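Enquirer: This one is target_29.cif, mmCIF, C-alpha atoms, pLDDT in the B column; chains and numbers go by the auth columns.
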data_coords
loop_
_atom_site.group_PDB
_atom_site.id
_atom_site.type_symbol
_atom_site.label_atom_id
_atom_site.label_comp_id
_atom_site.label_asym_id
_atom_site.label_seq_id
_atom_site.Cartn_x
_atom_site.Cartn_y
_atom_site.Cartn_z
_atom_site.B_iso_or_equiv
_atom_site.auth_seq_id
_atom_site.auth_asym_id
ATOM 1 C CA MET A 1 -49.192 -63.618 30.707 45.00 1 A
ATOM 2 C CA PRO A 2 -45.642 -62.358 31.641 50.00 2 A
ATOM 3 C CA PRO A 3 -45.125 -60.571 34.971 53.00 3 A
ATOM 4 C CA VAL A 4 -45.634 -56.814 34.725 46.00 4 A
ATOM 5 C CA GLU A 5 -42.715 -55.666 36.920 53.00 5 A
ATOM 6 C CA PRO A 6 -39.846 -57.278 34.895 55.00 6 A
ATOM 7 C CA PHE A 7 -41.387 -55.909 31.695 48.00 7 A
ATOM 8 C CA LEU A 8 -41.527 -52.367 33.084 45.00 8 A
ATOM 9 C CA LEU A 9 -37.951 -52.685 34.385 49.00 9 A
ATOM 10 C CA ARG A 10 -36.670 -53.772 30.966 54.00 10 A
ATOM 11 C CA SER A 11 -38.600 -50.947 29.252 55.00 11 A
ATOM 12 C CA THR A 12 -37.216 -48.338 31.649 56.00 12 A
ATOM 13 C CA THR A 13 -33.664 -49.630 31.161 56.00 13 A
ATOM 14 C CA MET A 14 -34.002 -49.531 27.381 58.00 14 A
ATOM 15 C CA TRP A 15 -35.423 -45.999 27.514 48.00 15 A
ATOM 16 C CA LEU A 16 -32.526 -44.758 29.695 51.00 16 A
ATOM 17 C CA LEU A 17 -30.015 -46.456 27.409 52.00 17 A
ATOM 18 C CA LEU A 18 -31.574 -44.814 24.357 48.00 18 A
ATOM 19 C CA GLN A 19 -31.477 -41.395 26.010 51.00 19 A
ATOM 20 C CA SER A 20 -27.801 -41.871 26.888 49.00 20 A
ATOM 21 C CA VAL A 21 -26.957 -42.820 23.305 40.00 21 A
ATOM 22 C CA LEU A 22 -28.806 -39.786 21.942 42.00 22 A
ATOM 23 C CA LEU A 23 -27.084 -37.484 24.435 42.00 23 A
ATOM 24 C CA LEU A 24 -23.672 -38.912 23.541 42.00 24 A
ATOM 25 C CA ALA A 25 -24.379 -38.511 19.816 39.00 25 A
ATOM 26 C CA SER A 26 -25.421 -34.914 20.389 40.00 26 A
ATOM 27 C CA CYS A 27 -22.220 -34.175 22.312 42.00 27 A
ATOM 28 C CA LEU A 28 -20.067 -35.796 19.640 40.00 28 A
ATOM 29 C CA ARG A 29 -21.854 -33.831 16.916 41.00 29 A
ATOM 30 C CA SER A 30 -21.322 -30.570 18.789 45.00 30 A
ATOM 31 C CA ALA A 31 -17.653 -31.352 19.392 45.00 31 A
ATOM 32 C CA ALA A 32 -17.146 -32.183 15.736 48.00 32 A
ATOM 33 C CA ALA A 33 -18.546 -28.751 14.763 70.00 33 A
ATOM 34 C CA PHE A 34 -15.822 -26.934 16.755 83.00 34 A
ATOM 35 C CA PRO A 35 -12.416 -26.250 15.178 86.00 35 A
ATOM 36 C CA LYS A 36 -9.657 -28.638 16.204 89.00 36 A
ATOM 37 C CA GLY A 37 -8.182 -27.594 19.525 92.00 37 A
ATOM 38 C CA CYS A 38 -11.279 -25.637 20.616 96.00 38 A
ATOM 39 C CA TYR A 39 -13.629 -26.651 23.401 95.00 39 A
ATOM 40 C CA PRO A 40 -16.407 -25.119 25.546 95.00 40 A
ATOM 41 C CA SER A 41 -16.320 -25.017 29.330 95.00 41 A
ATOM 42 C CA GLU A 42 -17.760 -23.117 32.268 94.00 42 A
ATOM 43 C CA GLU A 43 -15.561 -20.944 34.479 91.00 43 A
ATOM 44 C CA GLU A 44 -16.872 -19.077 37.496 90.00 44 A
ATOM 45 C CA GLY A 45 -20.404 -19.480 36.200 93.00 45 A
ATOM 46 C CA LEU A 46 -19.499 -17.985 32.798 96.00 46 A
ATOM 47 C CA LYS A 47 -19.688 -19.893 29.533 97.00 47 A
ATOM 48 C CA THR A 48 -16.188 -20.048 28.112 98.00 48 A
ATOM 49 C CA PHE A 49 -14.864 -21.067 24.706 98.00 49 A
ATOM 50 C CA ARG A 50 -11.145 -21.807 24.501 97.00 50 A
ATOM 51 C CA CYS A 51 -9.095 -22.000 21.307 97.00 51 A
ATOM 52 C CA SER A 52 -5.659 -21.253 22.773 97.00 52 A
ATOM 53 C CA ASN A 53 -2.710 -22.706 20.798 97.00 53 A
ATOM 54 C CA ALA A 54 -5.074 -24.186 18.210 96.00 54 A
ATOM 55 C CA ARG A 55 -3.056 -23.010 15.169 95.00 55 A
ATOM 56 C CA LEU A 56 -5.983 -20.944 13.924 97.00 56 A
ATOM 57 C CA THR A 57 -5.448 -18.605 10.973 97.00 57 A
ATOM 58 C CA GLU A 58 -8.844 -16.867 11.264 96.00 58 A
ATOM 59 C CA VAL A 59 -11.601 -16.243 13.790 96.00 59 A
ATOM 60 C CA PRO A 60 -13.711 -19.452 14.027 93.00 60 A
ATOM 61 C CA LYS A 61 -17.249 -19.339 12.615 88.00 61 A
ATOM 62 C CA ASP A 62 -18.968 -21.843 14.932 88.00 62 A
ATOM 63 C CA ILE A 63 -18.471 -20.207 18.328 94.00 63 A
ATOM 64 C CA PRO A 64 -21.565 -20.730 20.566 94.00 64 A
ATOM 65 C CA ASN A 65 -23.498 -17.456 20.576 93.00 65 A
ATOM 66 C CA ASP A 66 -24.032 -17.595 24.355 95.00 66 A
ATOM 67 C CA THR A 67 -20.274 -17.460 25.014 97.00 67 A
ATOM 68 C CA ASN A 68 -19.191 -15.031 27.753 97.00 68 A
ATOM 69 C CA LYS A 69 -15.400 -15.504 27.612 98.00 69 A
ATOM 70 C CA LEU A 70 -13.518 -16.222 24.373 98.00 70 A
ATOM 71 C CA TYR A 71 -9.847 -17.191 24.274 98.00 71 A
ATOM 72 C CA LEU A 72 -8.213 -17.044 20.829 98.00 72 A
ATOM 73 C CA ASP A 73 -4.719 -16.351 22.141 98.00 73 A
ATOM 74 C CA SER A 74 -1.459 -17.887 20.871 98.00 74 A
ATOM 75 C CA ASN A 75 -2.656 -18.596 17.340 98.00 75 A
ATOM 76 C CA ARG A 76 -1.724 -17.356 13.854 98.00 76 A
ATOM 77 C CA ILE A 77 -4.608 -14.986 13.126 98.00 77 A
ATOM 78 C CA PRO A 78 -3.278 -12.149 10.887 98.00 78 A
ATOM 79 C CA PHE A 79 -6.367 -9.969 10.403 98.00 79 A
ATOM 80 C CA LEU A 80 -9.710 -9.093 12.015 98.00 80 A
ATOM 81 C CA PRO A 81 -12.402 -8.467 9.366 97.00 81 A
ATOM 82 C CA ARG A 82 -15.606 -6.479 9.715 96.00 82 A
ATOM 83 C CA ASP A 83 -18.256 -8.156 11.932 95.00 83 A
ATOM 84 C CA ALA A 84 -15.812 -10.850 13.096 95.00 84 A
ATOM 85 C CA PHE A 85 -17.719 -11.201 16.404 96.00 85 A
ATOM 86 C CA ARG A 86 -21.216 -9.985 15.512 91.00 86 A
ATOM 87 C CA ASP A 87 -22.927 -13.253 16.594 92.00 87 A
ATOM 88 C CA LEU A 88 -21.620 -13.031 20.165 96.00 88 A
ATOM 89 C CA PRO A 89 -23.934 -10.536 21.890 94.00 89 A
ATOM 90 C CA LEU A 90 -23.146 -11.822 25.415 96.00 90 A
ATOM 91 C CA LEU A 91 -19.357 -11.695 25.149 97.00 91 A
ATOM 92 C CA LEU A 92 -17.652 -10.114 28.160 97.00 92 A
ATOM 93 C CA GLU A 93 -13.979 -10.977 27.650 98.00 93 A
ATOM 94 C CA LEU A 94 -12.018 -11.428 24.417 98.00 94 A
ATOM 95 C CA ASP A 95 -8.377 -12.534 24.401 98.00 95 A
ATOM 96 C CA LEU A 96 -6.572 -12.143 21.052 98.00 96 A
ATOM 97 C CA SER A 97 -3.059 -11.825 22.446 98.00 97 A
ATOM 98 C CA HIS A 98 0.010 -13.527 20.953 98.00 98 A
ATOM 99 C CA ASN A 99 -1.286 -13.762 17.394 98.00 99 A
ATOM 100 C CA ALA A 100 0.008 -12.230 14.152 98.00 100 A
ATOM 101 C CA ILE A 101 -2.677 -9.543 13.870 98.00 101 A
ATOM 102 C CA ALA A 102 -1.421 -6.697 11.677 98.00 102 A
ATOM 103 C CA GLY A 103 -4.771 -5.234 10.606 97.00 103 A
ATOM 104 C CA VAL A 104 -8.131 -4.496 12.220 97.00 104 A
ATOM 105 C CA GLU A 105 -10.920 -3.516 9.848 96.00 105 A
ATOM 106 C CA SER A 106 -13.389 -0.840 10.877 94.00 106 A
ATOM 107 C CA GLY A 107 -16.406 -2.580 12.408 94.00 107 A
ATOM 108 C CA ALA A 108 -14.466 -5.682 13.505 96.00 108 A
ATOM 109 C CA PHE A 109 -15.879 -5.359 17.038 96.00 109 A
ATOM 110 C CA ARG A 110 -19.325 -4.174 15.999 93.00 110 A
ATOM 111 C CA GLY A 111 -22.034 -5.534 18.279 91.00 111 A
ATOM 112 C CA LEU A 112 -19.745 -5.901 21.310 93.00 112 A
ATOM 113 C CA GLY A 113 -19.905 -2.315 22.527 80.00 113 A
ATOM 114 C CA GLU A 114 -22.540 -2.728 25.238 82.00 114 A
ATOM 115 C CA HIS A 115 -21.279 -5.841 27.040 92.00 115 A
ATOM 116 C CA LEU A 116 -17.572 -6.392 26.336 97.00 116 A
ATOM 117 C CA HIS A 117 -15.415 -5.153 29.203 96.00 117 A
ATOM 118 C CA SER A 118 -12.003 -6.672 28.387 98.00 118 A
ATOM 119 C CA LEU A 119 -10.141 -6.833 25.041 98.00 119 A
ATOM 120 C CA ASP A 120 -6.562 -8.100 24.861 98.00 120 A
ATOM 121 C CA LEU A 121 -4.638 -7.324 21.655 98.00 121 A
ATOM 122 C CA SER A 122 -1.184 -7.432 23.191 98.00 122 A
ATOM 123 C CA SER A 123 1.815 -9.120 21.547 98.00 123 A
ATOM 124 C CA ASN A 124 0.616 -8.876 17.957 98.00 124 A
ATOM 125 C CA ARG A 125 1.956 -7.051 14.877 98.00 125 A
ATOM 126 C CA LEU A 126 -0.090 -3.877 15.021 98.00 126 A
ATOM 127 C CA VAL A 127 1.698 -0.877 13.520 98.00 127 A
ATOM 128 C CA SER A 128 -1.178 1.511 12.800 97.00 128 A
ATOM 129 C CA VAL A 129 -4.939 1.146 13.425 97.00 129 A
ATOM 130 C CA SER A 130 -7.751 3.606 12.804 95.00 130 A
ATOM 131 C CA LYS A 131 -9.658 4.818 15.841 95.00 131 A
ATOM 132 C CA ASP A 132 -12.855 3.902 13.954 95.00 132 A
ATOM 133 C CA ALA A 133 -12.075 0.212 14.521 95.00 133 A
ATOM 134 C CA PHE A 134 -12.817 0.759 18.225 95.00 134 A
ATOM 135 C CA SER A 135 -15.765 3.139 17.954 89.00 135 A
ATOM 136 C CA ASN A 136 -18.533 2.598 20.544 88.00 136 A
ATOM 137 C CA LEU A 137 -16.342 0.072 22.377 92.00 137 A
ATOM 138 C CA LYS A 138 -16.464 0.434 26.155 92.00 138 A
ATOM 139 C CA ALA A 139 -14.007 -2.360 26.952 96.00 139 A
ATOM 140 C CA LYS A 140 -10.642 -1.825 28.597 97.00 140 A
ATOM 141 C CA VAL A 141 -8.099 -2.535 25.866 98.00 141 A
ATOM 142 C CA ASN A 142 -4.563 -3.926 26.108 98.00 142 A
ATOM 143 C CA LEU A 143 -2.457 -2.692 23.167 98.00 143 A
ATOM 144 C CA SER A 144 0.991 -3.377 24.608 98.00 144 A
ATOM 145 C CA ASN A 145 3.925 -5.164 22.928 98.00 145 A
ATOM 146 C CA ASN A 146 3.081 -4.220 19.348 98.00 146 A
ATOM 147 C CA PRO A 147 5.460 -2.565 16.823 98.00 147 A
ATOM 148 C CA TRP A 148 3.625 0.757 16.868 98.00 148 A
ATOM 149 C CA LEU A 149 4.295 3.681 14.546 97.00 149 A
ATOM 150 C CA CYS A 150 4.041 6.731 16.785 96.00 150 A
ATOM 151 C CA ASP A 151 2.098 9.380 14.895 95.00 151 A
ATOM 152 C CA CYS A 152 -1.186 11.297 14.927 96.00 152 A
ATOM 153 C CA ARG A 153 -3.172 8.135 14.127 96.00 153 A
ATOM 154 C CA LEU A 154 -1.916 6.343 17.242 96.00 154 A
ATOM 155 C CA GLN A 155 -2.497 9.467 19.306 96.00 155 A
ATOM 156 C CA GLU A 156 -6.136 9.577 18.179 96.00 156 A
ATOM 157 C CA LEU A 157 -6.526 5.853 18.921 96.00 157 A
ATOM 158 C CA ILE A 158 -5.152 6.200 22.454 95.00 158 A
ATOM 159 C CA ARG A 159 -7.581 9.052 23.096 94.00 159 A
ATOM 160 C CA THR A 160 -10.497 6.924 21.848 94.00 160 A
ATOM 161 C CA VAL A 161 -10.030 3.732 23.889 95.00 161 A
ATOM 162 C CA GLU A 162 -9.758 3.067 27.613 96.00 162 A
ATOM 163 C CA LEU A 163 -6.455 1.312 28.237 97.00 163 A
ATOM 164 C CA ALA A 164 -6.316 -1.725 30.520 97.00 164 A
ATOM 165 C CA ALA A 165 -4.685 -1.057 33.874 96.00 165 A
ATOM 166 C CA GLY A 166 -0.901 -1.437 33.757 95.00 166 A
ATOM 167 C CA SER A 167 -0.737 -1.775 29.959 96.00 167 A
ATOM 168 C CA SER A 168 0.102 1.795 28.922 95.00 168 A
ATOM 169 C CA GLY A 169 3.828 1.426 29.572 96.00 169 A
ATOM 170 C CA GLY A 170 3.960 -1.406 27.036 97.00 170 A
ATOM 171 C CA ILE A 171 2.863 0.848 24.153 98.00 171 A
ATOM 172 C CA VAL A 172 6.314 1.725 22.831 97.00 172 A
ATOM 173 C CA CYS A 173 7.367 3.525 19.629 97.00 173 A
ATOM 174 C CA ASP A 174 8.915 0.944 17.321 97.00 174 A
ATOM 175 C CA SER A 175 9.073 3.677 14.661 96.00 175 A
ATOM 176 C CA SER A 176 8.123 7.332 14.655 93.00 176 A
ATOM 177 C CA VAL A 177 7.799 10.418 12.483 86.00 177 A
ATOM 178 C CA GLN A 178 10.592 11.769 14.679 89.00 178 A
ATOM 179 C CA GLU A 179 13.565 9.438 15.147 91.00 179 A
ATOM 180 C CA GLU A 180 14.303 10.510 18.731 93.00 180 A
ATOM 181 C CA HIS A 181 11.011 8.964 19.914 94.00 181 A
ATOM 182 C CA VAL A 182 11.919 5.394 18.883 96.00 182 A
ATOM 183 C CA GLY A 183 12.118 3.061 21.891 96.00 183 A
ATOM 184 C CA LYS A 184 10.184 5.392 24.184 96.00 184 A
ATOM 185 C CA ALA A 185 6.784 4.782 25.795 96.00 185 A
ATOM 186 C CA PHE A 186 4.141 6.550 23.735 96.00 186 A
ATOM 187 C CA LEU A 187 2.377 8.192 26.682 94.00 187 A
ATOM 188 C CA GLN A 188 5.712 9.644 27.739 94.00 188 A
ATOM 189 C CA VAL A 189 6.258 11.020 24.225 95.00 189 A
ATOM 190 C CA ILE A 190 2.835 12.676 23.835 93.00 190 A
ATOM 191 C CA ALA A 191 3.271 14.398 27.178 91.00 191 A
ATOM 192 C CA ASP A 192 5.607 16.774 25.302 90.00 192 A
ATOM 193 C CA THR A 193 4.670 16.243 21.637 92.00 193 A
ATOM 194 C CA ASP A 194 1.340 16.734 19.890 93.00 194 A
ATOM 195 C CA PHE A 195 1.633 14.638 16.728 92.00 195 A
ATOM 196 C CA CYS A 196 -1.721 15.803 15.361 93.00 196 A
ATOM 197 C CA ASN A 197 -0.863 19.491 15.786 88.00 197 A
ATOM 198 C CA MET A 198 2.503 18.824 14.153 65.00 198 A
ATOM 199 C CA TYR A 199 0.749 17.163 11.232 49.00 199 A
ATOM 200 C CA LYS A 200 -1.635 20.127 10.907 48.00 200 A
ATOM 201 C CA LYS A 201 1.293 22.580 10.810 43.00 201 A
ATOM 202 C CA THR A 202 3.068 20.473 8.181 44.00 202 A
ATOM 203 C CA THR A 203 -0.111 20.370 6.105 47.00 203 A
ATOM 204 C CA ASP A 204 -0.582 24.153 6.419 43.00 204 A
ATOM 205 C CA ILE A 205 2.999 24.804 5.299 46.00 205 A
ATOM 206 C CA ALA A 206 2.595 22.459 2.336 45.00 206 A
ATOM 207 C CA MET A 207 -0.604 24.272 1.364 52.00 207 A
ATOM 208 C CA LEU A 208 1.092 27.674 1.593 46.00 208 A
ATOM 209 C CA VAL A 209 4.012 26.462 -0.541 45.00 209 A
ATOM 210 C CA THR A 210 1.561 25.116 -3.131 53.00 210 A
ATOM 211 C CA MET A 211 -0.415 28.368 -3.194 57.00 211 A
ATOM 212 C CA PHE A 212 2.772 30.408 -3.526 49.00 212 A
ATOM 213 C CA GLY A 213 3.857 28.193 -6.436 57.00 213 A
ATOM 214 C CA TRP A 214 0.573 28.754 -8.279 59.00 214 A
ATOM 215 C CA PHE A 215 0.721 32.500 -7.573 55.00 215 A
ATOM 216 C CA ALA A 216 4.275 32.691 -8.957 58.00 216 A
ATOM 217 C CA MET A 217 3.183 30.818 -12.088 67.00 217 A
ATOM 218 C CA VAL A 218 0.297 33.268 -12.682 62.00 218 A
ATOM 219 C CA ILE A 219 2.554 36.304 -12.198 66.00 219 A
ATOM 220 C CA SER A 220 5.177 34.820 -14.522 64.00 220 A
ATOM 221 C CA TYR A 221 2.554 34.224 -17.188 60.00 221 A
ATOM 222 C CA LEU A 222 1.226 37.800 -16.900 63.00 222 A
ATOM 223 C CA VAL A 223 4.725 39.254 -17.139 63.00 223 A
ATOM 224 C CA TYR A 224 5.461 37.101 -20.162 64.00 224 A
ATOM 225 C CA TYR A 225 2.148 38.087 -21.778 62.00 225 A
ATOM 226 C CA VAL A 226 2.751 41.820 -21.285 64.00 226 A
ATOM 227 C CA ARG A 227 6.340 41.655 -22.559 67.00 227 A
ATOM 228 C CA GLN A 228 5.292 39.613 -25.561 65.00 228 A
ATOM 229 C CA ASN A 229 2.623 42.191 -26.470 69.00 229 A
ATOM 230 C CA GLN A 230 5.090 45.020 -26.022 68.00 230 A
ATOM 231 C CA GLU A 231 7.576 43.279 -28.276 66.00 231 A
ATOM 232 C CA ASP A 232 4.921 42.686 -30.928 65.00 232 A
ATOM 233 C CA ALA A 233 3.873 46.356 -30.743 66.00 233 A
ATOM 234 C CA ARG A 234 7.493 47.552 -31.047 67.00 234 A
ATOM 235 C CA ARG A 235 8.073 45.378 -34.107 68.00 235 A
ATOM 236 C CA HIS A 236 4.877 46.614 -35.690 60.00 236 A
ATOM 237 C CA LEU A 237 5.819 50.242 -35.087 64.00 237 A
ATOM 238 C CA GLU A 238 9.211 49.665 -36.659 66.00 238 A
ATOM 239 C CA TYR A 239 7.456 48.148 -39.630 60.00 239 A
ATOM 240 C CA LEU A 240 5.212 51.181 -39.909 57.00 240 A
ATOM 241 C CA LYS A 241 8.193 53.538 -39.899 61.00 241 A
ATOM 242 C CA SER A 242 9.535 51.770 -42.941 65.00 242 A
ATOM 243 C CA LEU A 243 6.329 52.425 -44.912 59.00 243 A
ATOM 244 C CA PRO A 244 5.581 55.532 -47.098 65.00 244 A
ATOM 245 C CA SER A 245 4.180 58.396 -44.956 59.00 245 A
ATOM 246 C CA LYS A 246 0.545 58.223 -46.131 52.00 246 A
ATOM 247 C CA GLN A 247 0.179 54.502 -45.628 52.00 247 A
ATOM 248 C CA ARG A 248 2.127 54.791 -42.383 49.00 248 A
ATOM 249 C CA ARG A 249 -0.305 57.322 -40.855 55.00 249 A
ATOM 250 C CA SER A 250 -3.247 55.124 -41.726 58.00 250 A
ATOM 251 C CA GLU A 251 -1.751 52.015 -40.147 52.00 251 A
ATOM 252 C CA GLU A 252 -0.447 53.959 -37.100 50.00 252 A
ATOM 253 C CA SER A 253 -3.975 55.031 -36.211 55.00 253 A
ATOM 254 C CA SER A 254 -5.098 51.415 -36.662 56.00 254 A
ATOM 255 C CA THR A 255 -2.249 50.152 -34.450 49.00 255 A
ATOM 256 C CA ILE A 256 -2.970 52.705 -31.727 46.00 256 A
ATOM 257 C CA SER A 257 -6.633 51.686 -31.695 50.00 257 A
ATOM 258 C CA THR A 258 -5.622 48.042 -31.404 46.00 258 A
ATOM 259 C CA VAL A 259 -3.167 48.675 -28.549 43.00 259 A
ATOM 260 C CA VAL A 260 -5.720 50.818 -26.662 42.00 260 A
#
Take the structure in the file and write it out as structure tokens.
Expert:
Amino acid sequence: MPPVEPFLLRSTTMWLLLQSVLLLASCLRSAAAFPKGCYPSEEEGLKTFRCSNARLTEVPKDIPNDTNKLYLDSNRIPFLPRDAFRDLPLLLELDLSHNAIAGVESGAFRGLGEHLHSLDLSSNRLVSVSKDAFSNLKAKVNLSNNPWLCDCRLQELIRTVELAAGSSGGIVCDSSVQEEHVGKAFLQVIADTDFCNMYKKTTDIAMLVTMFGWFAMVISYLVYYVRQNQEDARRHLEYLKSLPSKQRRSEESSTISTVV
């Protein structure tokens, strides 16, 4: 009968070795599921997922749903679709800076409203974004260094979001409905200009011009109609004058009845 102690030692060693192999296989499988250049870590007790400079062209699908901080900066992402981050209910910080984002669909940040406190969209290609894309979002947002079109839409957006500290000066008019605003900080511009009120006045004037046009058309038609009837009546009366007197009296009474 073999000694018991060496047998138990060998069994324990084999068990530990097996556990190590299984753990390593699990780690390798998890790593393989992440996009190339992305990796999880823990920073200041928060679960972090980094994909900086990973040459991504879209938001990754396999981000761990317990992620607290997500770095997608310095990639090639051009667009944020609806529900792009809906499976990340614990996300606190989201960095999307230095991408090629030119469009943000309404509902792109749906599900992040309660917990997200920092959203960085600086240094992208945003020209115009609906305020609805940021509805119910409580995060402080960095929108600086984008080629903004300064108009009523941007004014409504700025009034909807809470800007990150120190970022407002970087929201500059790359183009504008008024040429003199180009190159100026947007908050400086709207201190003196209400784009939305300007748009409302322009719309009101356009409506008045349209109404006046229709009114003029109606009046013109009525004038034409009356003149045409008068001309027809004059011609008919001249015709009656050329008839013998008895027939003329009969048709005159008929014409008068018709005109009346």
Enquirer: Any idea what's packed within 8 Å of Arg153 of chain A, counting all atoms listed in the file, ignoring anything in its chain fewer than 6 positions away? Could you give it as a PyMOL selection string?
Expert: chain A and resi 128-131+196
Enquirer: Please indicate the distance in Å from atom CA of Asn99 of chain A to atom CA of Asp132 of chain A, rounded to one decimal place.
Expert: 21.4 Å
Enquirer: Using all atoms listed in the file, give me every residue within 10 Å of (-14.6, -9.1, 7.3) in file coordinates, as a ChimeraX atom specification.
Expert: /A:79-85,104-108
Enquirer: Kindly export the residues of the current selection with C-alpha atoms, as a short mmCIF file (atom, residue, chain, number, x, y, z; two decimals), in the coordinates of the input.
Expert:
data_model
loop_
_atom_site.label_atom_id
_atom_site.label_comp_id
_atom_site.auth_asym_id
_atom_site.auth_seq_id
_atom_site.Cartn_x
_atom_site.Cartn_y
_atom_site.Cartn_z
CA PHE A 79 -6.37 -9.97 10.40
CA LEU A 80 -9.71 -9.09 12.02
CA PRO A 81 -12.40 -8.47 9.37
CA ARG A 82 -15.61 -6.48 9.72
CA ASP A 83 -18.26 -8.16 11.93
CA ALA A 84 -15.81 -10.85 13.10
CA PHE A 85 -17.72 -11.20 16.40
CA VAL A 104 -8.13 -4.50 12.22
CA GLU A 105 -10.92 -3.52 9.85
CA SER A 106 -13.39 -0.84 10.88
CA GLY A 107 -16.41 -2.58 12.41
CA ALA A 108 -14.47 -5.68 13.50
#
Enquirer: Counting all atoms listed in the file, what is within 7 Å of segment 111-125 of chain A, bar same-chain residues fewer than 3 positions away, as a count of residues only?
Expert: 27
Enquirer: What does the structure give for the distance between atom CA of Glu42 of chain A and atom CA of Val59 of chain A, in Å to one decimal?
Expert: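 If I compute the distance from atom CA of Glu42 of chain A to atom CA of Val59 of chain A, I get 20.7 Å.
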Enquirer: Take the PyMOL selection byres ((chain A and resi 67) around 6), apply it to the structure above, and return the hits as a ChimeraX atom specification.
Expert: /A:47-48,64-66,68-69,91
Enquirer: Set the distance at 9 Å and use all atoms listed in the file: which residues neighbour segment 172-180 of chain A once local chain neighbours fewer than 5 positions away are removed? I'd like the list as a VMD selection string.
Expert: chain A and resid 127 144 to 151 185 to 187 189 195
Enquirer: What is the distance, in Å and to one decimal place, between atom CA of Asp194 of chain A and atom CA of Val161 of chain A?
Expert: 17.7 Å
Enquirer: With all atoms listed in the file as the basis for distance, which of A:Thr193, A:Leu46, A:Gly103, A:Gln188 is at the shortest distance from Gly170 of chain A?
Expert: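 So, comparing all the options, the nearest one is A:Gln188.
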Enquirer: Report as a PyMOL selection string all protein, DNA and RNA residues lying within 7 Å of Arg50 of chain A, evaluated on only C-alpha atoms, omitting residues in the same chain fewer than 5 positions from it.
Expert: chain A and resi 38-40+70-72
Enquirer: Just say which residues the PyMOL selection byres ((chain A and resi 54) around 12) picks in this file, as a PyMOL selection string.
Expert: chain A and resi 34-39+50-53+55-60+71-77+99
Enquirer: Just checking: using only C-alpha atoms, which residue out of A:Cys152, A:Leu126, A:Glu44, A:Asp87 ends up closest to Arg110 of chain A?
Expert: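 Under the stated criterion, the closest residue is A:Asp87.
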Enquirer: Which of these residues is nearest to Ala133 of chain A, using all atoms listed in the file: A:Gln155, A:Phe109, A:Glu162, A:Ser167?
Expert: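 Counting all atoms listed in the file, the residue closest to Ala133 of chain A is A:Phe109.
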Enquirer: Around all the atoms of segment 120-135 of chain A listed in the file, with 8 Å of room on each side, what axis-aligned box do you get, giving centre and edge lengths in Å to one decimal, as AutoDock Vina command-line options?
Expert:
--center_x -6.9 --center_y -2.2 --center_z 18.8 --size_x 33.7 --size_y 29.9 --size_z 28.1
